[in-house]
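**Q** Below: one structure in structure tokens.
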Amino acid sequence: MYKLKIFFLSLLVAANIFASNITVKGILKLEDTNLGAVKINFIDSQNNIFSTETDIYGEFKIQLKNAKYRVAIANYGYVLNKENDILYDFSDSNKPYFLILNAHEKFAIVSGKVVDNNLDPILNSKVNIKIFNDVFESSTDQFGNFSFTIQPGIFTLTAEYPGFASKSIVKKISKASSVTNITLVLFPIQYKISGIVTNGVRALPNIPILLYDHNGELFKKVTSSENGYYEFINLNSHSNFYMIVDTEKYKKYSSEDIYLLKDMTDNSIILKSTDSTEEDIQIEVIEVKE
């Protein structure tokens, strides 16, 4: 009697299990392309995994029990789009289920740092990355570091900072991979300050000219040539300088602050003599010439 009850109970359970099975069909797409030979996992609330694989046309089919499932791609390099990253309810045995799953290639990581020619990190350097027709912008932190998450492909990476020449590189990144430890070295744009040292009448040779930086520290020293010409070269762009001439024969000269954004090639220095007689003569000569 008990054996008979167990037999009928087993039949009932088996019938219920069989009746609860449903068929889920679908297609997996990567933009306009169907993805074949891709493994798809259906994961229930107990984290049991049931798998199927797409055919050459990107189509798949699987038998499942009535339940709710999460769907995920098992293949390296692909992930479902956000709209498909949901919980699917397959609780109605009489309902046909057909899924259109859209995937994209897993994002790749591009990271590195921006430094100057002394290999010191550059803070707040503008960094942009272009891949396909998309451009993404970022800036470096206090250590000069930057990082982007992009789709795989060929990308152009560019770093810019005021006073420095920009730097660009082109690289290719594969699916779900990383390109790290990129170092972009920026070299300062340099200009010059030059001109003639004169007393207003004639050029003055052998006059020492001192160039100071924005901190008031002596940066360079030059002496005017026999033609009164002087020149300071290799001066970093976007920097402040000022010049001083201090000799016994002439009154002390101090220029205004010079903020370098280009070459300054006509920056004459006019000195006034400490000898009042000579100054009067100079003035008379200038007046006669006019």
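By convention here, the chains of the structure tokens are called A, B, ... in the order presented, each chain's residues are numbered starting at 1, and ligands are numbered starting at 1 in the order presented.
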Skipping near chain neighbours, those fewer than 2 positions away, what residues fall within 8 Å of Ser178 of chain A using only C-alpha atoms, listed as a list in words?
**A**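 The residues satisfying every condition are Ala108, Ile109, Val110, Ile173, Ser174, Ala176 and Thr180 of chain A.
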**Q** May I have all residues of segment 197-276 of chain A that DSSP, computed from the backbone, assigns to strand (DSSP E or B), given as a ChimeraX atom specification?
**A** /A:197-198,203,208-213,218-223,229-236,240-245,250,253-254,258-259,264,269-270,273
**Q** Considering only C-alpha atoms, tabulate each residue of segment 157-192 of chain A that lies at most 9 Å from segment 116-123 of chain A along with its nearest interatomic pair and the corresponding distance in Å to one decimal; arrange the rows by chain and ascending residue number and present them as a tab-separated table.
**A**
residue	atom	partner	partner_atom	distance
A:Tyr161	CA	A:Ile122	CA	8.2
A:Phe164	CA	A:Asp116	CA	8.5
A:Leu184	CA	A:Asp116	CA	8.4
A:Val185	CA	A:Asp116	CA	5.4
A:Leu186	CA	A:Asp116	CA	4.9
A:Phe187	CA	A:Asn117	CA	5.4
A:Pro188	CA	A:Asn117	CA	7.7
**Q** Go ahead and dump the residues you just picked, N, CA and C atoms, as a short mmCIF file (atom, residue, chain, number, x, y, z; two decimals), in the first residue's frame.
**A**
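Output contents, as saved in out-v8.cif:
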data_model
loop_
_atom_site.label_atom_id
_atom_site.label_comp_id
_atom_site.auth_asym_id
_atom_site.auth_seq_id
_atom_site.Cartn_x
_atom_site.Cartn_y
_atom_site.Cartn_z
N TYR A 161 48.81 71.37 -21.82
CA TYR A 161 48.94 72.20 -20.62
C TYR A 161 49.52 73.55 -21.05
N PHE A 164 53.15 74.53 -22.60
CA PHE A 164 53.83 73.32 -23.06
C PHE A 164 53.28 72.90 -24.43
N LEU A 184 53.10 60.47 -20.96
CA LEU A 184 53.14 61.55 -21.95
C LEU A 184 54.04 62.66 -21.40
N VAL A 185 55.15 62.89 -22.08
CA VAL A 185 56.11 63.90 -21.64
C VAL A 185 55.85 65.19 -22.41
N LEU A 186 55.56 66.27 -21.68
CA LEU A 186 55.33 67.57 -22.31
C LEU A 186 56.56 68.45 -22.14
N PHE A 187 56.98 69.05 -23.24
CA PHE A 187 58.13 69.94 -23.22
C PHE A 187 57.65 71.39 -23.30
N PRO A 188 58.26 72.27 -22.50
CA PRO A 188 57.82 73.66 -22.48
C PRO A 188 58.06 74.35 -23.82
#
**Q** Looking at A:Ile269, A:Leu260, A:Ile62, A:Ala67, which one is nearest to Ser237 of chain A, with distances taken over only C-alpha atoms?
**A**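 Nearest to Ser237 of chain A: A:Leu260.
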**Q** What gap, in Å, lies between atom CA of Asp257 of chain A and atom CA of Ser224 of chain A?
**A**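 Taking atom CA of Asp257 of chain A as the start and atom CA of Ser224 of chain A as the end point, the length is 20.4 Å.
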